[in-house]
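Next comes entry_5.cif, with mmCIF, C-alpha atoms and all ligand atoms.
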data_data
#
loop_
_atom_site.label_atom_id
_atom_site.label_comp_id
_atom_site.auth_asym_id
_atom_site.auth_seq_id
_atom_site.Cartn_x
_atom_site.Cartn_y
_atom_site.Cartn_z
CA GLN D 1 -34.11 -21.53 31.75
CA ALA D 2 -30.68 -20.07 32.11
CA LYS D 3 -29.28 -23.39 31.05
CA ASN D 4 -31.42 -23.36 27.90
CA GLU D 5 -30.25 -19.92 26.90
CA GLY D 6 -26.70 -21.00 27.46
CA ARG D 7 -27.16 -23.94 25.16
CA ASN D 8 -28.81 -21.86 22.46
CA ASN D 9 -26.00 -19.36 22.64
CA TYR D 10 -23.52 -22.14 22.33
CA GLN D 11 -25.28 -23.58 19.29
CA PHE D 12 -25.50 -20.19 17.65
CA TYR D 13 -21.85 -19.53 18.33
CA SER D 14 -20.70 -22.89 17.09
CA ARG D 15 -22.78 -22.70 13.91
CA SER D 16 -21.41 -19.28 13.05
CA MET D 17 -17.88 -20.56 13.70
CA ASN D 18 -18.52 -23.38 11.26
CA GLU D 19 -19.91 -20.96 8.72
CA MET D 20 -16.85 -18.78 9.07
CA ALA D 21 -14.55 -21.76 8.58
CA ALA D 22 -16.52 -22.91 5.53
CA ASP D 23 -16.48 -19.41 4.11
CA ARG D 24 -12.73 -19.19 4.56
CA LEU D 25 -12.22 -22.54 2.89
CA ALA D 26 -14.35 -21.49 -0.08
CA LEU D 27 -12.43 -18.23 -0.41
CA GLU D 28 -9.15 -20.13 -0.12
CA ASN D 29 -10.09 -22.47 -2.98
CA ASP D 30 -11.18 -19.55 -5.15
CA LEU D 31 -7.96 -17.70 -4.36
CA ARG D 32 -5.78 -20.57 -5.51
CA ARG D 33 -7.27 -20.16 -8.98
CA ALA D 34 -7.53 -16.38 -9.03
CA ILE D 35 -4.23 -15.72 -10.82
CA GLU D 36 -4.73 -18.22 -13.64
CA ARG D 37 -8.33 -17.06 -14.05
CA HIS D 38 -7.10 -13.47 -14.40
CA GLU D 39 -9.24 -12.22 -11.52
CA LEU D 40 -6.57 -10.06 -9.89
CA ARG D 41 -6.54 -6.36 -10.79
CA LEU D 42 -4.46 -3.34 -9.93
CA HIS D 43 -6.10 -0.04 -9.25
CA TYR D 44 -3.98 3.08 -9.14
CA GLN D 45 -4.25 6.12 -6.89
CA PRO D 46 -2.51 9.40 -7.82
CA LEU D 47 0.36 10.77 -5.70
CA VAL D 48 0.10 14.54 -5.99
CA ASP D 49 2.75 17.28 -5.63
CA ILE D 50 1.23 19.57 -2.98
CA HIS D 51 2.61 22.75 -4.59
CA THR D 52 1.99 22.18 -8.31
CA GLY D 53 -1.00 19.84 -8.09
CA LEU D 54 0.69 17.60 -10.69
CA VAL D 55 0.40 13.84 -10.41
CA ILE D 56 4.01 12.71 -9.90
CA GLY D 57 3.26 9.05 -9.30
CA VAL D 58 0.65 6.41 -8.61
CA GLU D 59 0.31 3.76 -5.93
CA ALA D 60 -0.68 0.32 -7.21
CA LEU D 61 -3.39 -1.21 -4.99
CA LEU D 62 -4.44 -4.82 -5.37
CA ARG D 63 -8.05 -5.86 -5.99
CA TRP D 64 -9.65 -9.25 -6.56
CA ALA D 65 -12.56 -9.38 -9.00
CA HIS D 66 -14.26 -12.36 -7.36
CA PRO D 67 -16.77 -14.10 -9.66
CA THR D 68 -19.66 -13.88 -7.15
CA ARG D 69 -18.53 -11.61 -4.29
CA GLY D 70 -17.61 -8.61 -6.45
CA LEU D 71 -14.46 -6.50 -6.30
CA LEU D 72 -12.69 -7.30 -3.05
CA PRO D 73 -10.21 -4.90 -1.37
CA PRO D 74 -6.90 -6.27 -0.06
CA GLY D 75 -8.15 -6.21 3.54
CA ARG D 76 -10.42 -9.13 2.61
CA PHE D 77 -7.75 -11.45 1.22
CA VAL D 78 -4.06 -10.41 1.51
CA ASP D 79 -3.50 -12.21 4.81
CA LEU D 80 -5.04 -15.34 3.29
CA VAL D 81 -2.70 -15.00 0.29
CA GLU D 82 0.29 -15.26 2.63
CA GLU D 83 -1.24 -18.01 4.77
CA ILE D 84 -1.82 -20.34 1.84
CA GLY D 85 1.64 -19.74 0.43
CA LEU D 86 0.73 -17.57 -2.56
CA GLY D 87 2.59 -14.48 -1.33
CA GLN D 88 5.45 -14.99 -3.75
CA ALA D 89 3.29 -15.57 -6.82
CA VAL D 90 0.90 -12.70 -6.09
CA GLY D 91 3.75 -10.33 -5.20
CA GLU D 92 5.46 -11.10 -8.48
CA TRP D 93 2.21 -10.65 -10.42
CA VAL D 94 1.73 -7.23 -8.79
CA LEU D 95 5.26 -6.04 -9.62
CA GLU D 96 5.11 -7.26 -13.22
CA THR D 97 1.64 -5.90 -13.87
CA ALA D 98 2.44 -2.52 -12.30
CA CYS D 99 5.57 -2.11 -14.45
CA ARG D 100 3.79 -3.17 -17.63
CA GLU D 101 0.64 -1.07 -17.15
CA THR D 102 2.38 2.12 -16.03
CA ALA D 103 5.34 1.98 -18.44
CA PRO D 104 3.93 4.51 -20.96
CA TRP D 105 2.75 7.04 -18.38
CA GLN D 106 4.44 10.42 -17.90
CA SER D 107 3.63 13.33 -15.65
CA ALA D 108 2.41 16.57 -17.20
CA ASP D 109 5.85 18.20 -16.87
CA GLY D 110 7.42 15.36 -18.87
CA ARG D 111 9.03 13.62 -15.92
CA PRO D 112 8.76 9.85 -15.74
CA LEU D 113 5.94 8.82 -13.44
CA ILE D 114 6.76 7.00 -10.23
CA VAL D 115 4.91 3.75 -9.53
CA ALA D 116 4.71 2.77 -5.88
CA VAL D 117 4.15 -0.90 -5.09
CA ASN D 118 3.36 -2.37 -1.67
CA VAL D 119 5.72 -5.14 -0.63
CA SER D 120 4.64 -7.54 2.12
CA ASN D 121 6.99 -8.52 4.93
CA ALA D 122 7.13 -12.11 3.68
CA GLN D 123 8.09 -10.85 0.22
CA PHE D 124 10.72 -8.58 1.73
CA SER D 125 12.34 -11.25 3.87
CA ASP D 126 12.48 -13.72 0.97
CA ARG D 127 16.10 -14.22 -0.03
CA GLY D 128 15.27 -14.11 -3.73
CA LEU D 129 13.70 -10.64 -3.75
CA VAL D 130 16.75 -8.73 -4.96
CA THR D 131 17.48 -11.23 -7.75
CA ARG D 132 13.86 -11.31 -8.88
CA LEU D 133 13.63 -7.52 -8.94
CA SER D 134 16.84 -7.24 -10.99
CA ARG D 135 15.46 -9.74 -13.48
CA LEU D 136 12.11 -7.97 -13.67
CA LEU D 137 13.77 -4.60 -14.37
CA ARG D 138 16.06 -6.15 -16.98
CA GLU D 139 13.28 -8.05 -18.76
CA THR D 140 10.75 -5.21 -18.78
CA GLY D 141 13.25 -2.39 -19.35
CA PHE D 142 11.44 -0.47 -16.60
CA ALA D 143 13.65 2.28 -15.12
CA SER D 144 14.53 1.40 -11.53
CA SER D 145 14.31 5.09 -10.59
CA ARG D 146 10.56 4.98 -11.39
CA LEU D 147 9.82 2.04 -9.10
CA GLU D 148 9.17 2.82 -5.45
CA LEU D 149 8.80 -0.04 -2.97
CA GLU D 150 6.45 0.71 -0.07
CA LEU D 151 7.53 -1.04 3.12
CA THR D 152 6.38 -0.69 6.70
CA GLU D 153 8.83 -0.50 9.55
CA THR D 154 7.72 -3.93 10.79
CA ILE D 155 10.18 -5.31 8.18
CA MET D 156 12.86 -4.40 10.76
CA MET D 157 11.37 -6.55 13.49
CA PRO D 158 12.72 -10.08 13.05
CA GLN D 159 16.29 -9.33 11.93
CA PRO D 160 17.16 -5.65 11.79
CA GLU D 161 20.72 -6.04 10.46
CA GLU D 162 19.65 -8.29 7.59
CA ALA D 163 16.74 -6.01 6.76
CA ALA D 164 19.01 -2.94 6.70
CA ALA D 165 21.41 -4.76 4.37
CA VAL D 166 18.58 -5.65 1.95
CA LEU D 167 17.40 -2.03 1.96
CA GLN D 168 20.94 -0.91 1.03
CA GLN D 169 21.01 -3.46 -1.81
CA LEU D 170 17.66 -2.27 -3.18
CA LYS D 171 18.86 1.33 -2.93
CA GLY D 172 22.04 0.29 -4.74
CA MET D 173 19.91 -0.95 -7.65
CA GLY D 174 18.49 2.55 -8.01
CA LEU D 175 15.04 1.77 -6.61
CA ARG D 176 13.14 4.27 -4.49
CA LEU D 177 12.08 3.25 -0.99
CA ALA D 178 9.06 4.56 0.91
CA LEU D 179 8.32 4.02 4.58
CA ASP D 180 4.56 3.29 4.57
CA ASP D 181 2.09 3.89 7.42
CA PHE D 182 4.66 6.04 9.21
CA GLY D 183 3.90 6.63 12.89
CA THR D 184 2.07 3.37 13.50
CA GLY D 185 5.22 1.36 14.34
CA TYR D 186 7.27 1.16 17.50
CA SER D 187 10.51 2.97 16.75
CA SER D 188 9.79 5.26 13.85
CA ILE D 189 12.37 7.86 14.74
CA GLY D 190 15.32 5.48 14.90
CA HIS D 191 14.43 4.01 11.51
CA LEU D 192 14.25 7.44 9.92
CA ARG D 193 17.69 8.28 11.21
CA THR D 194 19.54 5.28 9.82
CA LEU D 195 17.69 3.65 6.91
CA PRO D 196 17.94 4.64 3.22
CA PHE D 197 14.34 5.70 2.60
CA ASP D 198 13.45 8.40 0.04
CA THR D 199 9.90 9.07 1.18
CA VAL D 200 7.92 8.85 4.39
CA LYS D 201 4.18 8.25 4.10
CA ILE D 202 2.37 9.62 7.15
CA ASP D 203 -0.40 7.20 8.08
CA ARG D 204 -3.98 8.29 7.44
CA SER D 205 -4.79 7.95 11.17
CA PHE D 206 -2.69 11.08 11.82
CA ILE D 207 -4.28 12.98 8.95
CA THR D 208 -8.00 12.40 9.64
CA GLU D 209 -8.22 15.11 12.32
CA VAL D 210 -5.17 17.15 11.41
CA ALA D 211 -7.24 20.24 10.54
CA THR D 212 -9.52 20.02 13.58
CA ASN D 213 -7.28 18.74 16.38
CA ALA D 214 -4.30 20.88 17.45
CA THR D 215 -2.43 17.91 18.93
CA ASP D 216 -2.63 15.97 15.66
CA ALA D 217 -1.41 19.04 13.76
CA THR D 218 1.57 19.35 16.10
CA ILE D 219 2.41 15.66 15.65
CA ALA D 220 2.16 15.91 11.86
CA GLU D 221 4.40 18.98 11.91
CA ALA D 222 6.97 17.15 14.04
CA MET D 223 6.96 14.18 11.64
CA ILE D 224 7.50 16.50 8.68
CA THR D 225 10.34 18.33 10.46
CA MET D 226 12.06 15.06 11.35
CA ALA D 227 11.78 13.65 7.83
CA HIS D 228 13.06 16.88 6.29
CA ALA D 229 16.02 16.86 8.67
CA ARG D 230 17.04 13.68 6.84
CA ASP D 231 16.17 15.15 3.40
CA LEU D 232 13.27 12.74 2.96
CA ARG D 233 10.14 13.73 1.09
CA VAL D 234 6.92 13.56 3.08
CA LEU D 235 3.59 12.32 1.72
CA ALA D 236 0.34 12.54 3.69
CA GLU D 237 -2.06 9.62 3.12
CA GLY D 238 -5.85 9.80 3.13
CA ILE D 239 -6.47 13.49 2.37
CA GLU D 240 -10.23 13.94 2.05
CA THR D 241 -10.84 17.66 2.65
CA VAL D 242 -9.56 21.04 1.50
CA PRO D 243 -8.78 22.17 5.10
CA GLN D 244 -6.53 19.09 5.55
CA LEU D 245 -4.78 19.97 2.28
CA SER D 246 -4.26 23.64 3.23
CA LEU D 247 -2.93 22.80 6.66
CA LEU D 248 -0.49 20.18 5.37
CA ARG D 249 0.78 22.62 2.76
CA GLN D 250 1.33 25.15 5.54
CA LEU D 251 3.20 22.53 7.59
CA GLY D 252 5.61 21.90 4.71
CA CYS D 253 4.31 18.52 3.51
CA ASP D 254 5.56 17.68 -0.02
CA GLU D 255 3.02 15.25 -1.46
CA VAL D 256 -0.55 14.10 -0.84
CA GLN D 257 -2.76 11.18 -1.72
CA GLY D 258 -6.44 10.72 -0.96
CA TYR D 259 -10.06 10.71 -2.02
CA LEU D 260 -9.97 14.53 -2.30
CA PHE D 261 -8.05 14.02 -5.56
CA SER D 262 -9.03 10.52 -6.56
CA PRO D 263 -9.82 7.13 -5.07
CA PRO D 264 -7.83 4.20 -6.50
CA VAL D 265 -9.08 3.74 -10.10
CA PRO D 266 -8.52 1.23 -12.95
CA ALA D 267 -5.48 1.81 -15.19
CA ASP D 268 -7.43 3.35 -18.08
CA SER D 269 -8.73 6.15 -15.81
CA ILE D 270 -5.20 7.39 -15.02
CA PRO D 271 -3.93 8.97 -18.30
CA PRO D 272 -6.60 11.74 -18.31
CA LEU D 273 -5.34 12.76 -14.84
CA LEU D 274 -1.78 13.24 -16.14
CA THR D 275 -2.44 16.16 -18.49
CA GLY D 276 -2.25 19.00 -15.96
CA PRO D 277 -2.80 19.87 -12.29
CA ILE D 278 -5.36 17.56 -10.72
CA VAL D 279 -8.48 19.32 -9.50
CA PRO D 280 -9.75 18.46 -5.98
CA ARG D 281 -13.18 16.89 -6.13
CA GLY D 282 -15.95 19.23 -5.01
P1 LIG D 301 -1.72 1.31 2.17
O1 LIG D 301 -0.54 0.90 1.41
O2 LIG D 301 -1.51 2.21 3.34
O3 LIG D 301 -2.70 1.97 1.09
C1 LIG D 301 -3.53 3.06 1.34
C2 LIG D 301 -4.96 2.62 1.59
O4 LIG D 301 -5.72 3.77 1.94
C3 LIG D 301 -5.66 2.03 0.36
O5 LIG D 301 -6.58 1.04 0.81
C4 LIG D 301 -6.41 3.22 -0.20
O6 LIG D 301 -7.53 2.86 -0.99
C5 LIG D 301 -6.84 3.90 1.07
N1 LIG D 301 -7.09 5.33 0.90
C6 LIG D 301 -6.46 6.19 0.06
N2 LIG D 301 -6.95 7.44 0.18
C7 LIG D 301 -7.91 7.39 1.12
C8 LIG D 301 -8.81 8.37 1.68
O7 LIG D 301 -8.80 9.55 1.35
N3 LIG D 301 -9.68 7.93 2.65
C9 LIG D 301 -9.72 6.62 3.04
N4 LIG D 301 -10.60 6.28 3.96
N5 LIG D 301 -8.89 5.67 2.53
C10 LIG D 301 -8.01 6.05 1.58
P2 LIG D 301 -6.69 -0.38 0.12
O8 LIG D 301 -6.57 -0.26 -1.37
O9 LIG D 301 -7.91 -1.05 0.67
O10 LIG D 301 -5.40 -1.14 0.64
C11 LIG D 301 -5.24 -1.43 2.00
C12 LIG D 301 -3.86 -1.97 2.29
O11 LIG D 301 -3.64 -3.23 1.65
C13 LIG D 301 -2.74 -1.08 1.79
O12 LIG D 301 -2.54 0.01 2.68
C14 LIG D 301 -1.59 -2.06 1.74
O13 LIG D 301 -1.02 -2.20 3.02
C15 LIG D 301 -2.28 -3.37 1.37
N6 LIG D 301 -2.07 -3.64 -0.08
C16 LIG D 301 -2.67 -3.07 -1.15
N7 LIG D 301 -2.20 -3.56 -2.31
C17 LIG D 301 -1.24 -4.46 -1.96
C18 LIG D 301 -0.34 -5.30 -2.72
O14 LIG D 301 -0.31 -5.30 -3.96
N8 LIG D 301 0.50 -6.10 -2.00
C19 LIG D 301 0.53 -6.09 -0.63
N9 LIG D 301 1.41 -6.89 0.01
N10 LIG D 301 -0.29 -5.30 0.11
C20 LIG D 301 -1.16 -4.50 -0.54
MG MG D 302 1.02 1.70 0.58
MG MG D 303 0.06 3.56 3.34
MG MG D 304 -1.97 3.03 5.42
#
Once you've parsed the file, please lay out its structure as structure tokens.
Ligand code: C2E
Ligand code: MG
Ligand code: MG
Ligand code: MG
Amino acid sequence: QAKNEGRNNYQFYSRSMNEMAADRLALENDLRRAIERHELRLHYQPLVDIHTGLVIGVEALLRWAHPTRGLLPPGRFVDLVEEIGLGQAVGEWVLETACRETAPWQSADGRPLIVAVNVSNAQFSDRGLVTRLSRLLRETGFASSRLELELTETIMMPQPEEAAAVLQQLKGMGLRLALDDFGTGYSSIGHLRTLPFDTVKIDRSFITEVATNATDATIAEAMITMAHARDLRVLAEGIETVPQLSLLRQLGCDEVQGYLFSPPVPADSIPPLLTGPIVPRG
């Protein structure tokens, strides 16, 4: 009897493995056509000044409007994009689309709105990145000071000297640089000390319990103090509650982003949010 169960388990396991492989293959084939079929979308999430409540920028977040599976978040397909060699094409589509769609937007105080774009490690380590970005800025006329590249510190892993040199080049072009998911890497403090970032984005995992867990509050405060020691601005990701907002304001955080203000939304939902201070959702 035990043998039987074992065999059934094995069959179940192997069938589900096959299903997973088939599912992946189907998704892969769909993905290869997604760009030409205009199925990729950018949603935008406001970046909010913690003192004025004004939207000072937006983060572009990739979505795939799949014909049968609905609107897919990046967690469902970005790794696949890289694996099947579409990283370059999709990355370029994201940068171009973000610059084009956000070009007319201004913040309520008249300042140009920042657009933050996530850049994958493969995109970052591609030798052509700097050239392609220069061309994009030239051809679109988009001000480099409005474009913020979001990078995680894992870009430093394979070749730290080369990565540091690319960061300096990007900075030299007038782009803004943000260190994304801060705190989740291995040597966050060293990178803050030496690299030319403008903004540090504290990862949501440190924010979730910041108002209810004294240790997390102390860690967040230490991150803010460290970043300010280097004159970097600090943004807290994933703010969902008013107590989180109040505490982060008290700790000296500069900017916030999260469902409390707005989830990522389609481009045409952004302009109404740019007319005055954004109101936290009740
Ligand atoms: P990320 O850059 O750290 O983006 C923040 C993620 O947190 C987004 O998930 C956003 O929807 C989510 N988020 C924002 N506020 C809240 C909140 O209050 N609560 C919760 N629970 N979540 C919140 P999303 O859009 O699913 O993106 C996930 C990740 O996918 C991003 O993390 C980024 O690493 C990657 N990604 C997104 N767009 C692109 C892209 O165009 N290119 C590349 N290479 N990666 C991208
Ligand atoms: Mg990001
Ligand atoms: Mg992030
Ligand atoms: Mg994150």
As number ranges by chain, please: the residues near range 59-75 of chain D (cut-off 10 Å, only C-alpha atoms, same-chain neighbours under 6 positions excluded).
D: 27, 30-31, 34-35, 37-47, 81, 90-91, 94-95, 97-99, 102, 114-118, 148-150, 257, 264-267
Writer output for current selection, C-alpha atoms, as a PDB file, in the coordinates of the input:
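What landed in out25.pdb:
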ATOM      1  CA  LEU D  27     -12.430 -18.230  -0.410  1.00  0.00           C
ATOM      2  CA  ASP D  30     -11.180 -19.550  -5.150  1.00  0.00           C
ATOM      3  CA  LEU D  31      -7.960 -17.700  -4.360  1.00  0.00           C
ATOM      4  CA  ALA D  34      -7.530 -16.380  -9.030  1.00  0.00           C
ATOM      5  CA  ILE D  35      -4.230 -15.720 -10.820  1.00  0.00           C
ATOM      6  CA  ARG D  37      -8.330 -17.060 -14.050  1.00  0.00           C
ATOM      7  CA  HIS D  38      -7.100 -13.470 -14.400  1.00  0.00           C
ATOM      8  CA  GLU D  39      -9.240 -12.220 -11.520  1.00  0.00           C
ATOM      9  CA  LEU D  40      -6.570 -10.060  -9.890  1.00  0.00           C
ATOM     10  CA  ARG D  41      -6.540  -6.360 -10.790  1.00  0.00           C
ATOM     11  CA  LEU D  42      -4.460  -3.340  -9.930  1.00  0.00           C
ATOM     12  CA  HIS D  43      -6.100  -0.040  -9.250  1.00  0.00           C
ATOM     13  CA  TYR D  44      -3.980   3.080  -9.140  1.00  0.00           C
ATOM     14  CA  GLN D  45      -4.250   6.120  -6.890  1.00  0.00           C
ATOM     15  CA  PRO D  46      -2.510   9.400  -7.820  1.00  0.00           C
ATOM     16  CA  LEU D  47       0.360  10.770  -5.700  1.00  0.00           C
ATOM     17  CA  VAL D  81      -2.700 -15.000   0.290  1.00  0.00           C
ATOM     18  CA  VAL D  90       0.900 -12.700  -6.090  1.00  0.00           C
ATOM     19  CA  GLY D  91       3.750 -10.330  -5.200  1.00  0.00           C
ATOM     20  CA  VAL D  94       1.730  -7.230  -8.790  1.00  0.00           C
ATOM     21  CA  LEU D  95       5.260  -6.040  -9.620  1.00  0.00           C
ATOM     22  CA  THR D  97       1.640  -5.900 -13.870  1.00  0.00           C
ATOM     23  CA  ALA D  98       2.440  -2.520 -12.300  1.00  0.00           C
ATOM     24  CA  CYS D  99       5.570  -2.110 -14.450  1.00  0.00           C
ATOM     25  CA  THR D 102       2.380   2.120 -16.030  1.00  0.00           C
ATOM     26  CA  ILE D 114       6.760   7.000 -10.230  1.00  0.00           C
ATOM     27  CA  VAL D 115       4.910   3.750  -9.530  1.00  0.00           C
ATOM     28  CA  ALA D 116       4.710   2.770  -5.880  1.00  0.00           C
ATOM     29  CA  VAL D 117       4.150  -0.900  -5.090  1.00  0.00           C
ATOM     30  CA  ASN D 118       3.360  -2.370  -1.670  1.00  0.00           C
ATOM     31  CA  GLU D 148       9.170   2.820  -5.450  1.00  0.00           C
ATOM     32  CA  LEU D 149       8.800  -0.040  -2.970  1.00  0.00           C
ATOM     33  CA  GLU D 150       6.450   0.710  -0.070  1.00  0.00           C
ATOM     34  CA  GLN D 257      -2.760  11.180  -1.720  1.00  0.00           C
ATOM     35  CA  PRO D 264      -7.830   4.200  -6.500  1.00  0.00           C
ATOM     36  CA  VAL D 265      -9.080   3.740 -10.100  1.00  0.00           C
ATOM     37  CA  PRO D 266      -8.520   1.230 -12.950  1.00  0.00           C
ATOM     38  CA  ALA D 267      -5.480   1.810 -15.190  1.00  0.00           C
TER      39      ALA D 267
END
Distance filter 12 Å around ligand MG 303 (chain D), atoms: all atoms listed in the file, out as a ChimeraX atom specification
/D:45,47,59-61,116-119,149-153,178-184,199-207,235-239,256-258
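Using only C-alpha atoms, the residues found no farther than 9 Å from range 190-192 of chain D, other than those of its own chain fewer than 4 positions away, are Glu153, Met156, Leu179, Pro196, Phe197, Val200, Met226, Ala227, Arg230 and Leu232 of chain D.
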Find the spatial neighbours of Gln169 in chain D, counting only C-alpha atoms, within a cut-off of 12 Å - ignore same-chain residues fewer than 3 positions away - and output them as a compact mmCIF listing (two decimals) with C-alpha atoms, keeping the file's coordinate frame.
# COMPACT_ATOMS: atom_id res chain seq x y z
CA ARG D 127 16.10 -14.22 -0.03
CA LEU D 129 13.70 -10.64 -3.75
CA VAL D 130 16.75 -8.73 -4.96
CA THR D 131 17.48 -11.23 -7.75
CA LEU D 133 13.63 -7.52 -8.94
CA SER D 134 16.84 -7.24 -10.99
CA GLU D 162 19.65 -8.29 7.59
CA ALA D 163 16.74 -6.01 6.76
CA ALA D 164 19.01 -2.94 6.70
CA ALA D 165 21.41 -4.76 4.37
CA VAL D 166 18.58 -5.65 1.95
CA GLY D 172 22.04 0.29 -4.74
CA MET D 173 19.91 -0.95 -7.65
CA GLY D 174 18.49 2.55 -8.01
CA LEU D 175 15.04 1.77 -6.61
CA ARG D 176 13.14 4.27 -4.49
CA LEU D 177 12.08 3.25 -0.99
CA LEU D 195 17.69 3.65 6.91
CA PRO D 196 17.94 4.64 3.22
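Candidate residues D:Thr225, D:Ser246, D:Thr218, D:Thr154 were compared for distance to ligand LIG 301 (chain D), and the nearest is D:Thr154, using all atoms listed in the file.
Atom pair CA of Glu36 in chain D / CA of Ile84 in chain D has a distance of 15.9 Å (rounded to one decimal).
Across D:Glu101, D:Val58, D:Ala26, D:Met157, the tightest approach to ligand MG 302 (chain D) is made by D:Val58 when counting all atoms listed in the file.
With distances taken over only C-alpha atoms and all ligand atoms, D:Ala122 is the one residue among D:Ala122, D:Val279, D:Leu137, D:Ala103 lying closest to ligand LIG 301 (chain D).
Distance annotation: of D:Gln106, D:Ser120, D:Gly185, D:Ala89, the residue with the minimal separation from ligand MG 302 (chain D) is D:Ser120; atom set is all atoms listed in the file.
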With all atoms listed in the file as the counted atoms, please give the residues lying no more than 6 Å from Leu113 in chain D, apart from itself and same-chain residues fewer than 3 positions off, as a ChimeraX atom specification.
/D:56-57,106-107
Taking C-alpha atoms for each residue, export the selection above as a PDB file, in the coordinates of the input.
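What ended up in again_5.pdb:
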ATOM      1  CA  ILE D  56       4.010  12.710  -9.900  1.00  0.00           C
ATOM      2  CA  GLY D  57       3.260   9.050  -9.300  1.00  0.00           C
ATOM      3  CA  GLN D 106       4.440  10.420 -17.900  1.00  0.00           C
ATOM      4  CA  SER D 107       3.630  13.330 -15.650  1.00  0.00           C
TER       5      SER D 107
END
Counting all atoms listed in the file, the residue of D:Lys171, D:Glu221, D:Glu28, D:Ala108 that sits nearest Arg76 in chain D
D:Glu28
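Nearest residue to ligand MG 304 (chain D), choosing from D:Thr208, D:Gln244, D:Ser269, D:Thr194 and counting all atoms listed in the file: D:Thr208.
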